[in-house]
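Novice: Take a look at work_36.txt, compact mmCIF, C-alpha atoms:
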# COMPACT_ATOMS: atom_id res chain seq x y z
CA MET A 233 0.00 0.00 0.00
CA ARG A 234 1.06 3.53 -0.73
CA PHE A 235 -0.34 6.29 1.46
CA ALA A 236 -0.50 10.01 0.76
CA HIS A 237 -2.22 12.89 2.51
CA ARG A 238 -2.97 16.58 2.31
CA TYR A 239 -4.20 18.76 5.20
CA LEU A 240 -5.43 22.33 4.71
CA PRO A 241 -6.76 23.88 7.94
CA GLU A 242 -9.20 26.76 7.47
CA ALA A 243 -7.35 28.73 10.18
CA ARG A 244 -3.92 28.30 11.78
CA LEU A 245 -5.30 25.37 13.78
CA GLY A 246 -7.88 22.82 12.66
CA GLY A 247 -10.03 19.93 13.79
CA ASP A 248 -9.43 17.32 11.07
CA PHE A 249 -6.97 14.50 11.56
CA PHE A 250 -6.11 10.96 10.50
CA THR A 251 -4.04 8.01 11.66
CA VAL A 252 -2.58 4.97 9.90
CA THR A 253 -1.96 1.93 12.09
CA GLN A 254 -0.37 -1.44 11.43
CA VAL A 255 -2.98 -3.92 12.64
CA SER A 256 -1.02 -7.01 11.60
CA ASP A 257 1.67 -8.04 9.11
CA THR A 258 -0.95 -7.89 6.34
CA GLN A 259 -3.52 -5.38 7.62
CA ALA A 260 -3.52 -1.61 8.02
CA GLY A 261 -6.10 0.48 9.85
CA VAL A 262 -6.90 4.01 8.67
CA LEU A 263 -8.95 6.49 10.70
CA ILE A 264 -10.10 9.90 9.51
CA CYS A 265 -11.99 12.32 11.78
CA ASP A 266 -13.55 15.76 11.68
CA VAL A 267 -14.24 17.65 14.93
CA MET A 268 -17.24 19.98 14.86
CA GLY A 269 -16.16 23.52 13.98
CA HIS A 270 -12.61 24.68 13.37
CA GLY A 271 -9.92 26.84 14.93
CA VAL A 272 -8.50 26.60 18.45
CA HIS A 273 -11.56 24.96 20.02
CA ALA A 274 -11.65 22.14 17.47
CA ALA A 275 -7.87 21.72 17.73
CA LEU A 276 -8.11 21.19 21.50
CA VAL A 277 -10.75 18.50 21.06
CA THR A 278 -8.58 16.91 18.37
CA ALA A 279 -5.70 16.67 20.86
CA VAL A 280 -7.97 14.83 23.31
CA GLN A 281 -9.25 12.59 20.54
CA ARG A 282 -5.72 11.60 19.56
CA VAL A 283 -5.06 10.40 23.11
CA LEU A 284 -8.29 8.39 23.14
CA VAL A 285 -7.43 6.80 19.78
CA GLU A 286 -4.16 5.55 21.26
CA GLU A 287 -6.04 4.12 24.24
CA VAL A 288 -8.38 2.01 22.08
CA GLN A 289 -5.73 0.61 19.73
CA TYR A 290 -6.33 -2.83 21.22
CA LEU A 291 -9.59 -2.84 19.19
CA ALA A 292 -7.94 -1.72 15.93
CA GLY A 293 -8.78 -4.99 14.16
CA ASP A 294 -12.54 -4.56 14.74
CA PRO A 295 -13.88 -1.38 13.06
CA GLY A 296 -17.30 -1.40 14.74
CA ALA A 297 -15.94 -2.04 18.23
CA PHE A 298 -13.15 0.50 17.67
CA LEU A 299 -15.58 3.32 16.88
CA GLY A 300 -18.00 2.15 19.58
CA GLU A 301 -15.40 2.40 22.33
CA LEU A 302 -14.06 5.68 20.97
CA ASN A 303 -17.63 7.01 21.03
CA ARG A 304 -18.17 6.00 24.66
CA ARG A 305 -14.99 7.73 25.77
CA LEU A 306 -15.72 10.89 23.80
CA HIS A 307 -19.28 11.02 25.12
CA HIS A 308 -17.91 10.86 28.68
CA PHE A 309 -15.58 13.75 27.83
CA PHE A 310 -18.24 15.86 26.07
CA GLU A 311 -21.09 15.28 28.58
CA PRO A 312 -20.04 17.95 31.14
CA LEU A 313 -19.39 20.62 28.50
CA PRO A 314 -21.86 23.54 28.34
CA SER A 315 -22.35 23.20 24.57
CA SER A 316 -22.82 20.12 22.40
CA MET A 317 -19.84 18.67 20.56
CA PHE A 318 -19.37 15.78 18.17
CA VAL A 319 -16.78 14.18 15.92
CA THR A 320 -17.48 12.46 12.61
CA ALA A 321 -15.22 9.51 11.87
CA PHE A 322 -14.60 6.73 9.39
CA TYR A 323 -12.37 3.75 10.19
CA LEU A 324 -11.31 0.96 7.85
CA VAL A 325 -9.06 -2.09 7.98
CA LEU A 326 -7.54 -3.18 4.66
CA ASP A 327 -6.17 -6.71 4.20
CA THR A 328 -3.38 -6.80 1.61
CA THR A 329 -3.66 -10.56 1.07
CA THR A 330 -7.30 -10.52 -0.06
CA GLY A 331 -8.19 -6.91 -0.88
CA VAL A 332 -11.07 -7.07 1.62
CA VAL A 333 -11.88 -3.76 3.31
CA ARG A 334 -13.82 -3.82 6.58
CA PHE A 335 -15.09 -0.49 7.87
CA ALA A 336 -17.49 1.40 10.10
CA ASN A 337 -18.82 4.93 9.83
CA ALA A 338 -19.79 7.55 12.43
CA GLY A 339 -21.56 10.27 10.46
CA HIS A 340 -18.62 10.81 8.09
CA PRO A 341 -18.54 10.96 4.27
CA HIS A 342 -17.94 7.53 2.79
CA PRO A 343 -14.64 7.14 0.93
CA LEU A 344 -14.45 7.00 -2.83
CA HIS A 345 -13.19 3.87 -4.59
CA VAL A 346 -11.22 4.66 -7.75
CA ASN A 347 -11.12 1.64 -10.06
CA ARG A 348 -8.47 2.57 -12.58
CA ALA A 349 -8.86 -0.59 -14.69
CA GLN A 350 -12.54 0.14 -15.35
CA HIS A 351 -12.18 3.95 -15.30
CA GLN A 352 -14.84 4.23 -12.59
CA VAL A 353 -15.26 6.11 -9.32
CA ARG A 354 -17.93 5.07 -6.83
CA THR A 355 -18.89 5.69 -3.23
CA MET A 356 -17.72 2.82 -1.05
CA GLY A 357 -20.15 1.37 1.44
CA GLY A 358 -23.87 1.39 2.12
CA ASN A 359 -26.24 4.35 2.10
CA PRO A 360 -23.98 7.40 2.56
CA SER A 361 -26.93 9.62 3.47
CA GLU A 362 -27.90 7.67 6.60
CA PRO A 363 -24.76 6.73 8.58
CA PRO A 364 -24.98 6.22 12.38
CA PHE A 365 -24.57 9.09 14.82
CA ALA A 366 -21.29 10.96 14.97
CA LEU A 367 -18.99 10.14 17.88
CA GLY A 368 -19.87 11.67 21.23
CA VAL A 369 -23.57 12.23 20.52
CA ALA A 370 -25.14 9.16 22.17
CA LYS A 371 -23.28 6.95 24.65
CA ASP A 372 -24.55 3.62 23.33
CA SER A 373 -24.35 4.24 19.58
CA VAL A 374 -23.65 1.13 17.51
CA TYR A 375 -21.47 1.26 14.41
CA PRO A 376 -22.18 -1.73 12.14
CA GLU A 377 -19.28 -3.20 10.21
CA GLU A 378 -19.52 -3.26 6.42
CA GLN A 379 -17.30 -4.98 3.88
CA ASP A 380 -16.10 -4.17 0.39
CA ALA A 381 -13.20 -5.24 -1.82
CA ILE A 382 -10.55 -3.57 -3.93
CA LYS A 383 -8.01 -4.79 -6.47
CA ALA A 384 -4.36 -4.04 -7.18
CA GLY A 385 -4.07 -0.63 -8.84
CA ASP A 386 -7.19 0.73 -7.11
CA VAL A 387 -7.21 3.81 -4.90
CA LEU A 388 -9.33 4.69 -1.87
CA LEU A 389 -9.86 8.38 -1.17
CA LEU A 390 -10.83 9.31 2.40
CA TYR A 391 -11.73 12.95 2.97
CA THR A 392 -13.44 15.39 5.30
CA ASP A 393 -16.47 17.38 4.20
CA GLY A 394 -14.48 20.57 3.73
CA LEU A 395 -13.63 19.22 0.30
CA CYS A 396 -17.32 19.35 -0.68
CA ASP A 397 -18.54 22.38 1.30
CA LEU A 398 -17.55 24.86 -1.38
CA GLY A 399 -20.05 27.62 -0.63
CA GLU A 400 -22.02 29.96 -2.89
CA GLY A 401 -24.44 27.23 -3.97
CA LYS A 402 -21.69 24.91 -5.20
CA ASP A 403 -21.69 22.36 -2.37
CA LEU A 404 -21.28 18.74 -3.47
CA THR A 405 -22.30 15.41 -1.95
CA ALA A 406 -20.51 12.06 -1.94
CA ASP A 407 -22.84 10.59 -4.57
CA ASP A 408 -23.06 13.72 -6.74
CA PRO A 409 -22.07 12.76 -10.32
CA ARG A 410 -20.15 16.04 -10.57
CA PHE A 411 -18.05 15.10 -7.54
CA LEU A 412 -17.36 11.61 -8.87
CA ALA A 413 -16.37 13.11 -12.23
CA LEU A 414 -14.12 15.60 -10.49
CA VAL A 415 -12.18 12.76 -8.85
CA GLN A 416 -12.23 10.66 -12.03
CA ASN A 417 -10.49 13.51 -13.86
CA CYS A 418 -7.52 13.01 -11.50
CA ALA A 419 -7.43 9.20 -11.54
CA ARG A 420 -4.31 8.89 -13.70
CA GLN A 421 -2.25 10.69 -11.08
CA HIS A 422 -0.57 8.88 -8.18
CA GLY A 423 0.16 9.65 -4.55
CA GLU A 424 0.48 13.31 -3.62
CA ALA A 425 -0.01 14.34 -7.26
CA PHE A 426 -3.46 12.70 -7.23
CA LEU A 427 -4.49 14.60 -4.10
CA ASP A 428 -3.13 17.89 -5.41
CA ALA A 429 -5.10 17.37 -8.62
CA VAL A 430 -8.31 16.74 -6.64
CA LEU A 431 -7.77 19.96 -4.68
CA THR A 432 -7.13 21.88 -7.88
CA GLN A 433 -10.29 20.50 -9.49
CA ALA A 434 -12.35 21.46 -6.41
CA ARG A 435 -10.96 25.00 -6.47
CA GLN A 436 -11.74 25.33 -10.15
CA PHE A 437 -15.26 24.03 -9.62
CA SER A 438 -15.95 26.51 -6.80
CA GLY A 439 -14.15 29.41 -8.44
CA GLN A 440 -12.41 30.13 -5.13
CA GLU A 441 -8.82 29.66 -4.03
CA HIS A 442 -9.62 28.97 -0.36
CA PHE A 443 -11.91 26.34 1.13
CA GLN A 444 -14.68 27.23 3.57
CA ASP A 445 -13.65 24.61 6.16
CA ASP A 446 -10.72 22.39 7.13
CA VAL A 447 -9.85 19.86 4.44
CA CYS A 448 -8.10 16.55 5.04
CA LEU A 449 -7.44 14.01 2.27
CA VAL A 450 -5.91 10.54 2.63
CA SER A 451 -5.34 8.23 -0.32
CA ILE A 452 -4.54 4.52 -0.17
CA GLU A 453 -3.16 3.07 -3.38
CA VAL A 454 -3.02 -0.71 -3.50
CA GLN A 455 0.11 -1.58 -5.43
CA ARG A 456 -0.21 -5.35 -5.10
CA LEU A 457 -2.20 -8.00 -3.27
CA GLY A 458 -1.17 -11.45 -2.10
CA SER A 459 0.64 -13.34 0.64
CA LEU A 460 3.98 -12.23 2.03
CA SER A 461 5.68 -15.55 1.20
Could you render the structure from this file as structure tokens?

Specialist:
Amino acid sequence: MRFAHRYLPEARLGGDFFTVTQVSDTQAGVLICDVMGHGVHAALVTAVQRVLVEEVQYLAGDPGAFLGELNRRLHHFFEPLPSSMFVTAFYLVLDTTTGVVRFANAGHPHPLHVNRAQHQVRTMGGNPSEPPFALGVAKDSVYPEEQDAIKAGDVLLLYTDGLCDLGEGKDLTADDPRFLALVQNCARQHGEAFLDAVLTQARQFSGQEHFQDDVCLVSIEVQRLGSLS
């Protein structure tokens, strides 16, 4: 697997973040999160969230349980606060021997699956318009595990909603054909060049140089699949 990322905070500090974890010799876990709001307040919550993520690494091989425990701990942290807070999150585990992707979603945009061989881009996962509650909203939220599969040469694009919240009536959604076409236009690029091309396309679509919110992009390019032996 080849990983690349781009992070563009709306202010000097932001509330988006991601982690990549080795789950086993053949599995990697990738988490992307978006704290409500931006700026210093969101950055402080992000710092707390990072600590909690480290504390629940023992569940990294089980996406649903991982988000469930993270939710319980965040809810305990948020409960005494005078104003409501939440964190959207998406966590996946990719197996490089089989190409199977197991994942769970907490109110976050579903990743895009770029199939280069078939020149297609699709939303990965179930109904992207009805994911479970974001983290920290309800103590006992359940995050069902879903499965999908990718092939060698494919790319997964994880992102926060700042990429689509373009303002001035030009907001996009994960299943908007214009958004899928925007990403497809960049599919021949690799690594950081792919992400830079996506950002450029989004800026051109909105007609603005700066995004309205924090933007975090993580790409996972599967270079080969199979056993280590």

Novice: Find, counting all atoms listed in the file, the residue in A:Ile382, A:Ala297, A:Ala275, A:Leu404 that gets nearest to A:Pro241.

Specialist: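 That would be A:Ala275, the residue with the smallest distance to A:Pro241.
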
Novice: Can you pull out the residues contacting A:Met356? Cut-off 6 Å, using only C-alpha atoms, and skip same-chain residues under 4 positions away; I want them as a list in words.

Specialist: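 Near neighbours after the sequence-gap exclusion: Pro343, Leu344 and His345 of chain A.
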
Novice: Kindly extract all protein, DNA and RNA residues lying within 8 Å of the coordinates (-0.6, 4.6, 7.9) given in the file, considering only C-alpha atoms, and supply them as a list in words.

Specialist: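 It turns out the residues near that spot are Phe235, Thr251, Val252, Thr253, Gln254, Ala260, Gly261 and Val262 of chain A.
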
Novice: How many Å separate atom CA of A:Cys396 from atom CA of A:Phe411?

Specialist: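 Those two atoms sit 8.1 Å apart.
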
Novice: Calculate how many Å separate atom CA of A:Val272 from atom CA of A:Leu245, rounding to one decimal.

Specialist: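 Separation between atom CA of A:Val272 and atom CA of A:Leu245: 5.8 Å.
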
Novice: Find, counting all atoms listed in the file, the residue in A:Leu313, A:Val353, A:Ala366, A:Met268 that gets nearest to A:Cys418.

Specialist: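 Using all atoms listed in the file, the shortest distance to A:Cys418 belongs to A:Val353.
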
Novice: To one decimal place, how far is atom CA of A:Thr258 from atom CA of A:Asp327 in Å?

Specialist: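 Atom-to-atom, atom CA of A:Thr258 to atom CA of A:Asp327, that is 5.8 Å.
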
Novice: Give me the residues near A:Ala429 as a list in words, where near means some atom within 10 Å (using only C-alpha atoms) and where sequence neighbours in that chain fewer than 3 positions away do not count.

Specialist: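 Contacts, in chain order: Leu414, Val415, Asn417, Cys418, Ala419, Arg420, Gln421, His422, Glu424, Ala425, Phe426, Thr432, Gln433, Ala434 and Arg435 of chain A.
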